[in-house]
Amino acid sequence: MTLRKKVYLLLEPIVSGYRVAYAIEYFLILLISANIVAILLETVPYYHQEYLHFFERFEIFSVVVFSIEYVLRLWTCAERPHFKKRFEGRLRYALTPGALIDLLSILPFYLHLLPIDLRFLRIVRLLRLLRMLKIARYLSALNLIFNVIKDRREQLLVVIMFIVFLLVIASTMMYYVEHDAQPQLFSSIPATMWWGIVTLTTVGYGDMVPITIGGKVMAGIISVIGVGMYALPAGILSAGIAEHLREKKNKRVCPHCGKEIHD
């Protein structure tokens, strides 16, 4: 067995089944979780002032670990059938969502070393939050949700288009009903769309409230429609998850190569 194959199996515990591979996976999950906590606590003035050096050292340690992981995954991706070719396969792997998330999560640290405008750097540092998405690589439940969204993307797109269409229609109707009574609040259709969003999502901030009888009746109907609107994407996702779980239950995978075994 080549060194590249051994490293690949250590990074893929589901394929190898090695205890060491699972230990590495749990360590990376713990490190990602700690990074999320550190990013949040770093914004608290007290913790930022008292533990600034700790945050900086922890960031360096995390970036080193994640960088090594990224390079090793880029090197060992050729062990997969889809990325067999040396240059072309690695380039194709580097453009996958998982590899892009890995790269963007460490990119802000290296950009910090370059002479870049600090205002731009503050925006780029937000990319560190992408480390939260790295955890999806190790949690099968999150991978399941991503796969369901990918498979049902056309149906979800239709639902989103329907929601946007409903928002435009509701906001347009409410504008013409309430504009004369409240010209400052319902000043235009785009301004009224804020009311449509908080109403369809059943949030109801109360900053824009219809006062006419027609507006109140329409608002009540739209609120009821907003409650039922959530059933559409929820139904699509739940059906997709159930289908994937059935397929996963009936699928057998080779522990050595990771390929599906057919009868």
# chains A, B, ... in the order shown; residues from 1 in each chain; ligands from 1
>>> residues_around(residues="segment 54-67 of chain A", least_positions_apart="2", cutoff="8 Å", atoms="only C-alpha atoms", output="PyMOL selection string")
chain A and resi 31+35+38+42+48+51-52+69-71+102+106+109
>>> write_last_selection(atoms="N, CA and C atoms", output="PDB file, in the first residue's frame")
ATOM      1  N   LEU A  31     -12.083  20.706  16.855  1.00  0.00           N
ATOM      2  CA  LEU A  31     -11.343  21.922  16.515  1.00  0.00           C
ATOM      3  C   LEU A  31     -12.235  22.922  15.784  1.00  0.00           C
ATOM      4  N   ASN A  35     -13.316  26.603  17.096  1.00  0.00           N
ATOM      5  CA  ASN A  35     -13.118  27.794  16.274  1.00  0.00           C
ATOM      6  C   ASN A  35     -14.380  28.644  16.222  1.00  0.00           C
ATOM      7  N   ALA A  38     -14.606  30.439  19.456  1.00  0.00           N
ATOM      8  CA  ALA A  38     -13.579  31.483  19.534  1.00  0.00           C
ATOM      9  C   ALA A  38     -13.959  32.698  18.695  1.00  0.00           C
ATOM     10  N   GLU A  42     -14.545  36.257  20.481  1.00  0.00           N
ATOM     11  CA  GLU A  42     -13.580  37.289  20.109  1.00  0.00           C
ATOM     12  C   GLU A  42     -14.240  38.648  19.920  1.00  0.00           C
ATOM     13  N   HIS A  48     -11.984  39.788  24.247  1.00  0.00           N
ATOM     14  CA  HIS A  48     -11.034  40.226  23.219  1.00  0.00           C
ATOM     15  C   HIS A  48      -9.819  40.905  23.854  1.00  0.00           C
ATOM     16  N   TYR A  51      -7.961  38.022  26.424  1.00  0.00           N
ATOM     17  CA  TYR A  51      -7.431  36.790  25.831  1.00  0.00           C
ATOM     18  C   TYR A  51      -7.030  36.984  24.375  1.00  0.00           C
ATOM     19  N   LEU A  52      -6.600  38.172  24.026  1.00  0.00           N
ATOM     20  CA  LEU A  52      -6.229  38.458  22.637  1.00  0.00           C
ATOM     21  C   LEU A  52      -5.099  37.548  22.164  1.00  0.00           C
ATOM     22  N   GLU A  69      -4.533  19.701   6.452  1.00  0.00           N
ATOM     23  CA  GLU A  69      -5.645  18.855   6.009  1.00  0.00           C
ATOM     24  C   GLU A  69      -5.991  19.131   4.554  1.00  0.00           C
ATOM     25  N   TYR A  70      -6.042  20.414   4.182  1.00  0.00           N
ATOM     26  CA  TYR A  70      -6.402  20.782   2.803  1.00  0.00           C
ATOM     27  C   TYR A  70      -5.372  20.244   1.810  1.00  0.00           C
ATOM     28  N   VAL A  71      -4.086  20.407   2.126  1.00  0.00           N
ATOM     29  CA  VAL A  71      -3.027  19.935   1.233  1.00  0.00           C
ATOM     30  C   VAL A  71      -3.061  18.413   1.110  1.00  0.00           C
ATOM     31  N   ASP A 102     -13.017  24.491   2.388  1.00  0.00           N
ATOM     32  CA  ASP A 102     -11.746  24.307   3.107  1.00  0.00           C
ATOM     33  C   ASP A 102     -10.775  25.441   2.788  1.00  0.00           C
ATOM     34  N   ILE A 106      -9.463  29.129   5.378  1.00  0.00           N
ATOM     35  CA  ILE A 106      -8.096  29.463   5.799  1.00  0.00           C
ATOM     36  C   ILE A 106      -7.539  30.659   5.036  1.00  0.00           C
ATOM     37  N   PHE A 109      -6.542  34.194   6.816  1.00  0.00           N
ATOM     38  CA  PHE A 109      -5.294  34.264   7.588  1.00  0.00           C
ATOM     39  C   PHE A 109      -4.116  34.620   6.689  1.00  0.00           C
TER      40      PHE A 109
END
>>> residues_around(residues="Met208 of chain A", least_positions_apart="2", cutoff="8 Å", atoms="only C-alpha atoms", output="number ranges by chain")
A: 185-186, 195, 205-206, 210
>>> residues_around(residues="segment 167-174 of chain A", least_positions_apart="3", cutoff="7 Å", atoms="only C-alpha atoms", output="list in words")
Ile163, Val164, Val177, Glu178, Ile189, Thr192, Met193, Gly196, Ile197 and Gly215 of chain A
>>> write_last_selection(atoms="N, CA and C atoms", output="compact mmCIF listing (two decimals), in the first residue's frame")
# COMPACT_ATOMS: atom_id res chain seq x y z
N ILE A 163 -43.20 31.67 -3.79
CA ILE A 163 -43.20 32.56 -2.63
C ILE A 163 -42.92 34.01 -3.06
N VAL A 164 -41.94 34.18 -3.95
CA VAL A 164 -41.62 35.53 -4.45
C VAL A 164 -42.81 36.10 -5.20
N VAL A 177 -54.43 49.36 -1.55
CA VAL A 177 -55.48 49.46 -0.53
C VAL A 177 -55.11 50.48 0.54
N GLU A 178 -53.84 50.54 0.96
CA GLU A 178 -53.43 51.35 2.10
C GLU A 178 -52.70 52.65 1.75
N ILE A 189 -44.57 50.23 -3.81
CA ILE A 189 -44.66 48.77 -3.75
C ILE A 189 -43.40 48.15 -3.13
N THR A 192 -43.68 48.54 0.52
CA THR A 192 -44.74 47.68 1.05
C THR A 192 -44.28 46.22 1.10
N MET A 193 -43.28 45.87 0.30
CA MET A 193 -42.80 44.49 0.31
C MET A 193 -42.18 44.13 1.66
N GLY A 196 -44.97 42.84 3.42
CA GLY A 196 -45.29 41.52 2.89
C GLY A 196 -44.38 40.44 3.44
N ILE A 197 -43.10 40.76 3.59
CA ILE A 197 -42.15 39.76 4.10
C ILE A 197 -42.46 39.40 5.55
N GLY A 215 -57.72 46.52 4.09
CA GLY A 215 -56.35 46.15 4.39
C GLY A 215 -56.26 45.10 5.48
>>> closest_atom_pairs(of="segment 197-260 of chain A", to="segment 140-162 of chain A", cutoff="12 Å", atoms="only C-alpha atoms", output="CSV")
residue,atom,partner,partner_atom,distance
A:Gly226,CA,A:Phe162,CA,11.9
A:Met229,CA,A:Val159,CA,9.0
A:Tyr230,CA,A:Val159,CA,9.8
A:Ala231,CA,A:Val159,CA,10.4
A:Leu232,CA,A:Val159,CA,7.0
A:Pro233,CA,A:Leu156,CA,6.4
A:Ala234,CA,A:Leu156,CA,9.8
A:Gly235,CA,A:Leu156,CA,10.3
A:Ile236,CA,A:Arg152,CA,7.4
A:Leu237,CA,A:Val148,CA,6.7
A:Ser238,CA,A:Val148,CA,9.0
A:Ala239,CA,A:Val148,CA,9.1
A:Gly240,CA,A:Val148,CA,5.5
A:Ile241,CA,A:Val148,CA,6.2
A:Ala242,CA,A:Val148,CA,9.6
A:Glu243,CA,A:Val148,CA,8.9
A:His244,CA,A:Val148,CA,7.4
A:Leu245,CA,A:Leu144,CA,8.5
A:Arg246,CA,A:Leu144,CA,11.9
A:Glu247,CA,A:Leu144,CA,11.4
A:Lys248,CA,A:Leu144,CA,9.9
>>> select_by_dssp(residues="segment 67-258 of chain A", states="alpha helix (DSSP H)", output="PyMOL selection string")
chain A and resi 67-76+86-94+97-112+118-124+131-134+140-151+153-178+189-200+213-229+231-250
>>> write_last_selection(atoms="C-alpha atoms", output="short mmCIF file (atom, residue, chain, number, x, y, z; two decimals), in the first residue's frame")
data_model
loop_
_atom_site.label_atom_id
_atom_site.label_comp_id
_atom_site.auth_asym_id
_atom_site.auth_seq_id
_atom_site.Cartn_x
_atom_site.Cartn_y
_atom_site.Cartn_z
CA SER A 67 -3.93 23.92 5.88
CA ILE A 68 -2.27 20.55 6.36
CA GLU A 69 -5.64 18.85 6.01
CA TYR A 70 -6.40 20.78 2.80
CA VAL A 71 -3.03 19.93 1.23
CA LEU A 72 -3.32 16.26 2.19
CA ARG A 73 -6.84 16.01 0.79
CA LEU A 74 -5.69 17.69 -2.42
CA TRP A 75 -2.80 15.23 -2.63
CA THR A 76 -4.81 12.08 -1.85
CA ARG A 86 -2.98 14.03 -11.56
CA PHE A 87 -3.47 17.64 -12.62
CA GLU A 88 -6.99 17.57 -14.05
CA GLY A 89 -8.31 15.41 -11.21
CA ARG A 90 -6.85 17.64 -8.50
CA LEU A 91 -8.17 20.75 -10.25
CA ARG A 92 -11.63 19.17 -10.43
CA TYR A 93 -11.41 18.29 -6.73
CA ALA A 94 -10.26 21.82 -5.82
CA PRO A 97 -17.88 22.68 -2.76
CA GLY A 98 -16.09 20.90 0.09
CA ALA A 99 -12.62 21.85 -1.15
CA LEU A 100 -13.67 25.45 -1.79
CA ILE A 101 -15.03 25.71 1.77
CA ASP A 102 -11.75 24.31 3.11
CA LEU A 103 -9.77 26.88 1.11
CA LEU A 104 -11.96 29.88 1.94
CA SER A 105 -11.90 29.05 5.65
CA ILE A 106 -8.10 29.46 5.80
CA LEU A 107 -7.70 32.15 3.13
CA PRO A 108 -8.33 35.16 5.47
CA PHE A 109 -5.29 34.26 7.59
CA TYR A 110 -2.93 34.27 4.62
CA LEU A 111 -4.43 37.46 3.20
CA HIS A 112 -3.73 39.07 6.58
CA LEU A 118 -7.75 46.75 6.42
CA ARG A 119 -11.36 47.53 5.52
CA PHE A 120 -11.30 44.83 2.85
CA LEU A 121 -9.54 42.47 5.25
CA ARG A 122 -12.30 42.86 7.86
CA ILE A 123 -14.84 41.73 5.28
CA VAL A 124 -12.68 38.79 4.19
CA ARG A 131 -15.39 26.71 9.11
CA MET A 132 -18.86 25.92 10.41
CA LEU A 133 -19.59 24.35 7.02
CA LYS A 134 -16.44 22.22 7.25
CA SER A 140 -23.47 12.31 7.79
CA ALA A 141 -26.71 14.00 8.86
CA LEU A 142 -25.62 17.34 7.38
CA ASN A 143 -24.39 15.60 4.24
CA LEU A 144 -27.79 13.97 3.97
CA ILE A 145 -29.53 17.36 4.10
CA PHE A 146 -27.16 18.83 1.49
CA ASN A 147 -27.78 15.85 -0.80
CA VAL A 148 -31.53 16.20 -0.41
CA ILE A 149 -31.36 19.91 -1.25
CA LYS A 150 -29.23 19.09 -4.30
CA ASP A 151 -31.61 16.38 -5.53
CA ARG A 153 -33.33 21.77 -6.04
CA GLU A 154 -35.76 22.08 -8.96
CA GLN A 155 -38.80 21.56 -6.75
CA LEU A 156 -37.42 23.94 -4.12
CA LEU A 157 -36.72 26.52 -6.83
CA VAL A 158 -40.36 26.32 -7.95
CA VAL A 159 -41.49 26.86 -4.35
CA ILE A 160 -39.17 29.85 -3.94
CA MET A 161 -40.47 31.35 -7.18
CA PHE A 162 -44.03 30.84 -5.93
CA ILE A 163 -43.20 32.56 -2.63
CA VAL A 164 -41.62 35.53 -4.45
CA PHE A 165 -44.63 35.73 -6.78
CA LEU A 166 -46.99 35.65 -3.79
CA LEU A 167 -44.94 38.35 -2.04
CA VAL A 168 -45.14 40.66 -5.06
CA ILE A 169 -48.89 40.14 -5.50
CA ALA A 170 -49.65 40.64 -1.79
CA SER A 171 -47.49 43.76 -1.56
CA THR A 172 -49.00 45.26 -4.70
CA MET A 173 -52.56 44.71 -3.51
CA MET A 174 -51.80 46.08 -0.04
CA TYR A 175 -50.12 49.15 -1.55
CA TYR A 176 -53.21 50.11 -3.53
CA VAL A 177 -55.48 49.46 -0.53
CA GLU A 178 -53.43 51.35 2.10
CA ILE A 189 -44.66 48.77 -3.75
CA PRO A 190 -41.00 48.06 -2.83
CA ALA A 191 -41.57 49.74 0.57
CA THR A 192 -44.74 47.68 1.05
CA MET A 193 -42.80 44.49 0.31
CA TRP A 194 -41.22 44.83 3.77
CA TRP A 195 -44.72 44.50 5.21
CA GLY A 196 -45.29 41.52 2.89
CA ILE A 197 -42.15 39.76 4.10
CA VAL A 198 -42.89 40.13 7.83
CA THR A 199 -46.51 39.12 7.24
CA LEU A 200 -45.88 36.05 5.08
CA ILE A 213 -61.08 47.46 6.68
CA GLY A 214 -59.98 46.10 3.31
CA GLY A 215 -56.35 46.15 4.39
CA LYS A 216 -57.10 44.26 7.62
CA VAL A 217 -59.11 41.59 5.79
CA MET A 218 -56.36 41.19 3.22
CA ALA A 219 -53.69 41.05 5.93
CA GLY A 220 -55.59 38.27 7.73
CA ILE A 221 -55.85 36.20 4.54
CA ILE A 222 -52.19 36.70 3.70
CA SER A 223 -51.15 35.75 7.26
CA VAL A 224 -53.07 32.46 7.00
CA ILE A 225 -51.48 31.78 3.61
CA GLY A 226 -48.07 32.53 5.14
CA VAL A 227 -48.58 29.82 7.79
CA GLY A 228 -49.43 27.23 5.15
CA MET A 229 -46.60 28.36 2.91
CA ALA A 231 -45.62 23.29 4.50
CA LEU A 232 -44.42 23.28 0.87
CA PRO A 233 -40.62 23.25 1.37
CA ALA A 234 -40.99 21.22 4.57
CA GLY A 235 -42.91 18.52 2.70
CA ILE A 236 -40.37 18.43 -0.14
CA LEU A 237 -37.41 18.13 2.26
CA SER A 238 -39.05 15.51 4.49
CA ALA A 239 -39.96 13.35 1.47
CA GLY A 240 -36.43 13.68 0.15
CA ILE A 241 -34.87 12.74 3.49
CA ALA A 242 -37.12 9.69 3.79
CA GLU A 243 -36.16 8.57 0.27
CA HIS A 244 -32.44 8.99 0.94
CA LEU A 245 -32.69 7.05 4.21
CA ARG A 246 -34.41 4.16 2.41
CA GLU A 247 -31.72 4.12 -0.27
CA LYS A 248 -28.96 4.28 2.33
CA LYS A 249 -30.50 1.39 4.26
CA ASN A 250 -30.56 -0.82 1.16
#
>>> closest_residue(among="A:Ala78, A:Leu40, A:Leu113, A:Ala181", to="Ile211 of chain A", atoms="only C-alpha atoms")
A:Ala181
>>> atom_distance(atom1="atom CA of Val15 of chain A", atom2="atom CA of Leu95 of chain A")
22.3 Å
>>> closest_residue(among="A:Lys5, A:Ile135, A:Glu25, A:Ser187", to="Arg80 of chain A", atoms="only C-alpha atoms")
A:Lys5
>>> residues_around(residues="Tyr26 of chain A", least_positions_apart="3", cutoff="12 Å", atoms="only C-alpha atoms", output="ChimeraX atom specification")
/A:11-13,19-23,29-33,135,137-139
>>> atom_distance(atom1="atom CA of Cys77 of chain A", atom2="atom CA of Tyr18 of chain A")
18.3 Å
